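Pasted below: data_15.txt, compact mmCIF, C-alpha atoms.
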# COMPACT_ATOMS: atom_id res chain seq x y z
CA MET V 14 88.90 122.36 95.57
CA THR V 15 87.33 120.15 98.18
CA ASP V 16 83.98 119.86 96.45
CA GLU V 17 85.49 118.12 93.43
CA GLN V 18 85.37 114.38 93.00
CA TYR V 19 87.82 111.99 91.44
CA VAL V 20 87.09 108.44 90.39
CA VAL V 21 89.53 105.63 91.11
CA GLN V 22 89.72 102.95 88.44
CA PRO V 23 90.89 99.56 89.75
CA ILE V 24 93.82 98.16 87.76
CA GLY V 25 93.42 94.69 89.26
CA TRP V 26 92.48 92.91 92.44
CA VAL V 27 93.89 90.85 95.30
CA GLN V 28 93.59 87.08 95.44
CA SER V 29 94.24 85.96 99.01
CA PRO V 30 93.20 83.33 101.52
CA LEU V 31 92.21 86.26 103.78
CA VAL V 32 88.46 86.71 103.58
CA ASP V 33 87.52 87.78 107.11
CA ARG V 34 88.54 91.24 108.23
CA SER V 35 88.45 90.34 111.91
CA ALA V 36 90.98 87.57 111.35
CA ALA V 37 93.29 89.53 109.04
CA PRO V 38 96.69 90.76 110.26
CA LYS V 39 96.89 94.48 111.08
CA GLN V 40 100.04 94.93 109.02
CA GLY V 41 101.60 93.04 106.15
CA ASP V 42 104.54 91.67 108.09
CA GLU V 43 102.42 90.37 110.96
CA GLY V 44 101.68 86.91 109.61
CA SER V 45 100.07 87.67 106.26
CA PRO V 46 99.84 84.73 103.88
CA ASP V 47 101.29 85.06 100.40
CA ALA V 48 98.79 86.61 98.02
CA SER V 49 98.46 87.34 94.32
CA LEU V 50 97.74 90.54 92.45
CA ILE V 51 95.67 89.83 89.34
CA PHE V 52 95.93 92.72 86.91
CA ASP V 53 93.54 93.74 84.20
CA GLU V 54 94.99 93.06 80.77
CA GLN V 55 94.65 96.68 79.66
CA PHE V 56 97.40 97.67 82.14
CA SER V 57 99.95 95.03 81.16
CA GLU V 58 102.32 97.51 79.51
CA GLY V 59 102.67 99.33 82.80
CA LEU V 60 103.85 96.17 84.56
CA ARG V 61 106.52 94.98 82.22
CA ASP V 62 109.60 96.15 84.13
CA LEU V 63 108.62 94.65 87.50
CA ARG V 64 111.02 91.89 88.59
CA VAL V 65 110.99 89.01 91.05
CA GLY V 66 112.67 90.16 94.24
CA ASP V 67 111.60 93.79 93.90
CA ASP V 68 110.06 95.47 96.93
CA VAL V 69 107.16 97.61 95.75
CA ILE V 70 104.38 99.69 97.25
CA VAL V 71 100.91 98.48 96.38
CA LEU V 72 97.97 100.83 96.79
CA THR V 73 94.55 99.29 97.24
CA TRP V 74 91.03 100.57 97.68
CA LEU V 75 89.78 98.99 100.91
CA ASP V 76 86.27 98.48 99.66
CA ARG V 77 84.91 96.97 102.87
CA ALA V 78 85.97 99.90 105.07
CA ARG V 79 83.73 102.55 106.59
CA ARG V 80 84.32 106.06 105.29
CA ASP V 81 82.57 108.05 108.05
CA VAL V 82 85.14 107.32 110.76
CA LEU V 83 87.45 110.09 112.07
CA ARG V 84 88.48 108.63 115.43
CA VAL V 85 89.49 105.03 116.09
CA ARG V 86 91.02 102.89 118.76
CA PRO V 87 94.44 101.89 117.39
CA ARG V 88 94.64 98.26 116.33
CA GLY V 89 91.00 97.88 117.37
CA ASN V 90 92.08 97.54 121.00
CA PRO V 91 89.15 98.58 123.24
CA ALA V 92 91.59 99.41 126.07
CA THR V 93 93.23 102.25 124.14
CA ALA V 94 91.98 105.83 123.84
CA LEU V 95 90.27 107.13 120.73
CA GLN V 96 92.76 108.66 118.32
CA GLY V 97 92.43 110.80 115.21
CA VAL V 98 92.29 108.46 112.23
CA PHE V 99 95.10 110.24 110.39
CA THR V 100 97.59 109.12 113.03
CA THR V 101 96.57 105.49 112.51
CA ARG V 102 96.58 102.92 109.72
CA SER V 103 92.95 101.99 110.28
CA PRO V 104 91.22 100.86 107.08
CA ASP V 105 88.18 102.88 108.21
CA ARG V 106 88.91 106.45 107.04
CA PRO V 107 87.48 109.03 104.62
CA ASN V 108 89.43 107.66 101.64
CA PRO V 109 90.16 104.00 102.39
CA ILE V 110 93.37 103.69 100.39
CA GLY V 111 95.56 100.85 101.61
CA LEU V 112 99.34 101.24 101.46
CA HIS V 113 101.27 97.98 101.42
CA ARG V 114 104.99 97.33 101.07
CA VAL V 115 105.37 93.87 99.55
CA THR V 116 108.07 91.73 97.97
CA ILE V 117 107.48 90.20 94.54
CA LEU V 118 107.83 86.41 94.71
CA ALA V 119 106.81 85.42 91.19
CA ILE V 120 105.44 86.93 88.00
CA ASP V 121 103.28 84.98 85.58
CA GLY V 122 101.72 87.19 82.93
CA LEU V 123 99.14 89.36 84.65
CA THR V 124 99.51 87.55 87.99
CA ILE V 125 102.09 88.79 90.47
CA ARG V 126 102.67 86.76 93.61
CA VAL V 127 103.68 88.81 96.67
CA ARG V 128 104.74 88.39 100.28
CA ASN V 129 103.39 90.51 103.16
CA LEU V 130 100.02 91.66 101.88
CA GLU V 131 97.33 91.93 104.56
CA ALA V 132 94.53 93.01 102.20
CA LEU V 133 91.42 90.84 101.95
CA ASP V 134 90.57 88.65 98.99
CA ARG V 135 89.02 90.63 96.10
CA THR V 136 90.29 94.01 97.32
CA PRO V 137 90.76 96.32 94.31
CA VAL V 138 94.35 97.26 93.44
CA VAL V 139 94.73 100.88 92.31
CA ASP V 140 98.47 101.48 91.90
CA VAL V 141 101.95 99.99 92.17
CA LYS V 142 104.99 102.18 92.83
CA PRO V 143 108.67 101.50 93.41
CA VAL V 144 109.93 101.80 96.98
CA LEU V 145 111.72 105.08 97.44
CA ASP V 146 113.22 104.98 100.88
CA ARG V 147 115.68 107.55 102.01
CA ARG V 148 117.87 104.62 102.92
CA ASP V 149 117.93 103.59 99.24
CA ARG V 150 119.81 106.71 98.29
CA MET Y 4 85.92 93.65 90.23
CA THR Y 5 87.67 95.92 87.75
CA ASP Y 6 84.48 97.45 86.36
CA GLU Y 7 83.55 99.02 89.70
CA GLN Y 8 84.29 102.65 90.47
CA TYR Y 9 85.22 104.38 93.67
CA VAL Y 10 85.09 108.10 94.33
CA VAL Y 11 87.88 109.89 96.17
CA GLN Y 12 86.76 112.76 98.39
CA PRO Y 13 89.44 115.39 98.97
CA ILE Y 14 90.01 116.11 102.66
CA GLY Y 15 91.98 119.27 101.95
CA TRP Y 16 94.47 120.73 99.52
CA VAL Y 17 98.07 121.81 99.11
CA GLN Y 18 99.15 125.44 99.36
CA SER Y 19 102.60 125.75 97.82
CA PRO Y 20 104.74 128.18 95.82
CA LEU Y 21 105.05 125.39 93.22
CA VAL Y 22 102.63 126.15 90.40
CA ASP Y 23 104.47 124.90 87.32
CA ARG Y 24 104.86 121.17 86.88
CA SER Y 25 107.90 121.49 84.64
CA ALA Y 26 109.74 123.39 87.37
CA ALA Y 27 108.66 121.18 90.30
CA PRO Y 28 111.15 118.81 91.94
CA LYS Y 29 110.78 115.13 91.03
CA GLN Y 30 110.83 114.05 94.66
CA GLY Y 31 110.08 115.79 97.92
CA ASP Y 32 113.65 115.88 99.18
CA GLU Y 33 115.04 117.33 95.96
CA GLY Y 34 114.65 120.99 96.79
CA SER Y 35 110.94 121.29 97.50
CA PRO Y 36 109.88 124.48 99.25
CA ASP Y 37 107.93 124.26 102.48
CA ALA Y 38 104.21 123.91 101.83
CA SER Y 39 100.96 123.86 103.77
CA LEU Y 40 98.15 121.37 103.89
CA ILE Y 41 94.80 123.12 104.35
CA PHE Y 42 92.20 120.70 105.64
CA ASP Y 43 88.47 120.88 105.33
CA GLU Y 44 86.86 121.60 108.69
CA GLN Y 45 84.73 118.46 108.58
CA PHE Y 46 87.86 116.31 108.98
CA SER Y 47 89.35 118.16 111.96
CA GLU Y 48 88.65 115.35 114.42
CA GLY Y 49 90.84 113.04 112.38
CA LEU Y 50 93.82 115.39 112.65
CA ARG Y 51 93.90 116.03 116.35
CA ASP Y 52 96.76 113.72 117.33
CA LEU Y 53 99.23 114.92 114.71
CA ARG Y 54 102.25 116.62 116.28
CA VAL Y 55 105.01 118.96 115.15
CA GLY Y 56 108.07 116.87 114.30
CA ASP Y 57 106.08 113.85 113.13
CA ASP Y 58 107.02 112.29 109.81
CA VAL Y 59 103.83 111.35 108.00
CA ILE Y 60 102.79 110.02 104.63
CA VAL Y 61 100.52 112.35 102.68
CA LEU Y 62 98.46 110.97 99.81
CA THR Y 63 97.34 113.40 97.14
CA TRP Y 64 95.31 113.20 93.96
CA LEU Y 65 97.58 114.59 91.23
CA ASP Y 66 94.78 116.33 89.39
CA ARG Y 67 96.94 117.70 86.59
CA ALA Y 68 98.33 114.29 85.60
CA ARG Y 69 97.44 112.24 82.52
CA ARG Y 70 95.71 108.94 83.27
CA ASP Y 71 96.23 107.21 79.92
CA VAL Y 72 99.98 106.69 80.30
CA LEU Y 73 101.44 103.19 80.84
CA ARG Y 74 105.04 103.75 79.74
CA VAL Y 75 107.20 106.72 80.65
CA ARG Y 76 110.78 107.86 80.49
CA PRO Y 77 111.94 107.96 84.10
CA ARG Y 78 112.34 111.48 85.45
CA GLY Y 79 111.21 112.80 82.08
CA ASN Y 80 114.70 112.24 80.69
CA PRO Y 81 114.46 111.84 76.89
CA ALA Y 82 117.75 109.87 76.87
CA THR Y 83 116.33 107.00 78.91
CA ALA Y 84 114.31 104.06 77.61
CA LEU Y 85 110.56 103.81 78.04
CA GLN Y 86 109.66 101.96 81.22
CA GLY Y 87 106.42 100.52 82.60
CA VAL Y 88 104.78 103.22 84.69
CA PHE Y 89 104.40 100.96 87.73
CA THR Y 90 108.19 100.86 88.16
CA THR Y 91 108.31 104.66 88.26
CA ARG Y 92 106.95 107.49 90.38
CA SER Y 93 105.63 109.39 87.38
CA PRO Y 94 102.54 111.48 88.22
CA ASP Y 95 101.07 110.34 84.88
CA ARG Y 96 99.51 106.93 85.64
CA PRO Y 97 96.06 105.29 85.67
CA ASN Y 98 95.29 106.44 89.22
CA PRO Y 99 97.40 109.55 89.87
CA ILE Y 100 97.77 109.15 93.62
CA GLY Y 101 100.81 110.96 94.95
CA LEU Y 102 102.70 109.47 97.89
CA HIS Y 103 104.75 111.97 99.89
CA ARG Y 104 106.78 111.49 103.03
CA VAL Y 105 106.87 114.84 104.82
CA THR Y 106 107.84 116.28 108.20
CA ILE Y 107 105.33 118.40 110.12
CA LEU Y 108 106.84 121.84 110.84
CA ALA Y 109 103.85 123.59 112.41
CA ILE Y 110 100.17 123.07 113.12
CA ASP Y 111 97.68 125.93 113.26
CA GLY Y 112 94.11 124.72 113.38
CA LEU Y 113 93.31 123.23 110.00
CA THR Y 114 96.63 124.30 108.47
CA ILE Y 115 99.62 121.99 108.73
CA ARG Y 116 102.97 123.25 107.51
CA VAL Y 117 105.25 120.55 106.09
CA ARG Y 118 108.75 120.09 104.70
CA ASN Y 119 109.56 118.07 101.55
CA LEU Y 120 106.32 118.22 99.59
CA GLU Y 121 106.79 118.38 95.82
CA ALA Y 122 103.07 118.57 94.98
CA LEU Y 123 101.79 121.58 93.07
CA ASP Y 124 99.70 124.35 94.60
CA ARG Y 125 96.01 123.40 94.91
CA THR Y 126 96.63 119.65 94.62
CA PRO Y 127 93.86 117.80 96.52
CA VAL Y 128 94.94 115.94 99.67
CA VAL Y 129 93.18 112.60 100.13
CA ASP Y 130 94.79 110.93 103.16
CA VAL Y 131 97.42 111.23 105.89
CA LYS Y 132 98.98 108.15 107.47
CA PRO Y 133 101.71 107.56 110.03
CA VAL Y 134 105.06 106.37 108.73
CA LEU Y 135 105.42 102.67 109.32
CA ASP Y 136 108.93 101.78 108.31
CA ARG Y 137 110.44 98.47 109.11
CA ARG Y 138 113.29 100.44 110.59
CA ASP Y 139 110.85 101.92 113.14
CA ARG Y 140 110.22 98.53 114.70
Produce structure tokens that represent the structure in this file.
Amino acid sequence: MTDEQYVVQPIGWVQSPLVDRSAAPKQGDEGSPDASLIFDEQFSEGLRDLRVGDDVIVLTWLDRARRDVLRVRPRGNPATALQGVFTTRSPDRPNPIGLHRVTILAIDGLTIRVRNLEALDRTPVVDVKPVLDRRDR
Amino acid sequence: MTDEQYVVQPIGWVQSPLVDRSAAPKQGDEGSPDASLIFDEQFSEGLRDLRVGDDVIVLTWLDRARRDVLRVRPRGNPATALQGVFTTRSPDRPNPIGLHRVTILAIDGLTIRVRNLEALDRTPVVDVKPVLDRRDR
């Protein structure tokens, strides 16, 4: 199985004041500015039941990440020991898929305004899913 | 941005008694059997800090899903109304990335045994991330 390849098709992209990775928050709720998700028109039918106030999970493709990294220093702190990348949220990883829990602030056609997104401007969006916490049940 | 393409490289695959999509649970904690994640040797360094008892998020590529679906009936129930796919967890969606919260039961080299994985046998694994709930903070 592991020699097969699968192609991700962006469904939209992030519009954010964050343009510099070194200055971006490590996690969404650590001082991220509000940002917008701009969706491609061909996916509009998939969006139609999203509502202001919903918490959703946004998946992105972190296109400026390195994919050859297997050990990192958590939070980029040089004082910490190297750690296997799969126990961290480092953007640098074999498949740089970003996982972001955000709150929908506004919806205007194909533009969805969200709180708590730490992704950089122009990051491709690849999926949106409802939150499914155990605590929701 | 939306005309670019990105290639997902599987880092391993699922070994599970679940082989039939119609019989698989809709969510991991709805009666999924225990399953194993079999990782490719080249990614072993990334795994080394995972521990038995950890709750982690596993991302998969749901390779048997349809990618041309934008509206679905939630949980496949024919009595429910069609709903935009991005407000559901349907495997059929433009980028069929599965998001699974699982508990690590055992680790044996490149094989990690987990609880609560509803993915089918031979589903490619594309990422593992630590849980990062707000309730953890």
Can you work out which residues from chain Y touch chain V at a cut-off of 7 Å (counting only C-alpha atoms) and hand them back as an MDAnalysis selection string?
chainID Y and resid 4:5 8:15 46 48:53 73:74 86:92 98 127 129:133
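Compared by their closest atoms to Leu108 in chain Y, and using only C-alpha atoms, the residues Y:Leu120, Y:Arg67, Y:Gly79, Y:Ala26 rank with Y:Leu120 nearest.
With only C-alpha atoms as the atoms that count, the minimum distance from Ala38 in chain Y to the choices Y:Ile107, Y:Ala68, Y:Ala82, Y:Val117 is reached by Y:Val117.
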So for range 8-23 of chain Y, what box centre and size do we get, axis-aligned, 5 Å extra on each of the six sides, every listed atom, Å to one decimal, as AutoDock Vina command-line options?
--center_x 94.7 --center_y 115.4 --center_z 95.0 --size_x 30.8 --size_y 35.5 --size_z 25.3
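Taking CA of Ser39 in chain Y as the reference point, CA of Ala94 in chain V is found at 28.4 Å.
We find CA of Glu33 in chain Y and CA of Ser19 in chain Y to be spaced 15.1 Å apart.
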Find the distance between CA of Gly31 in chain Y and CA of Asp68 in chain V and write it in Å to one decimal.
20.3 Å
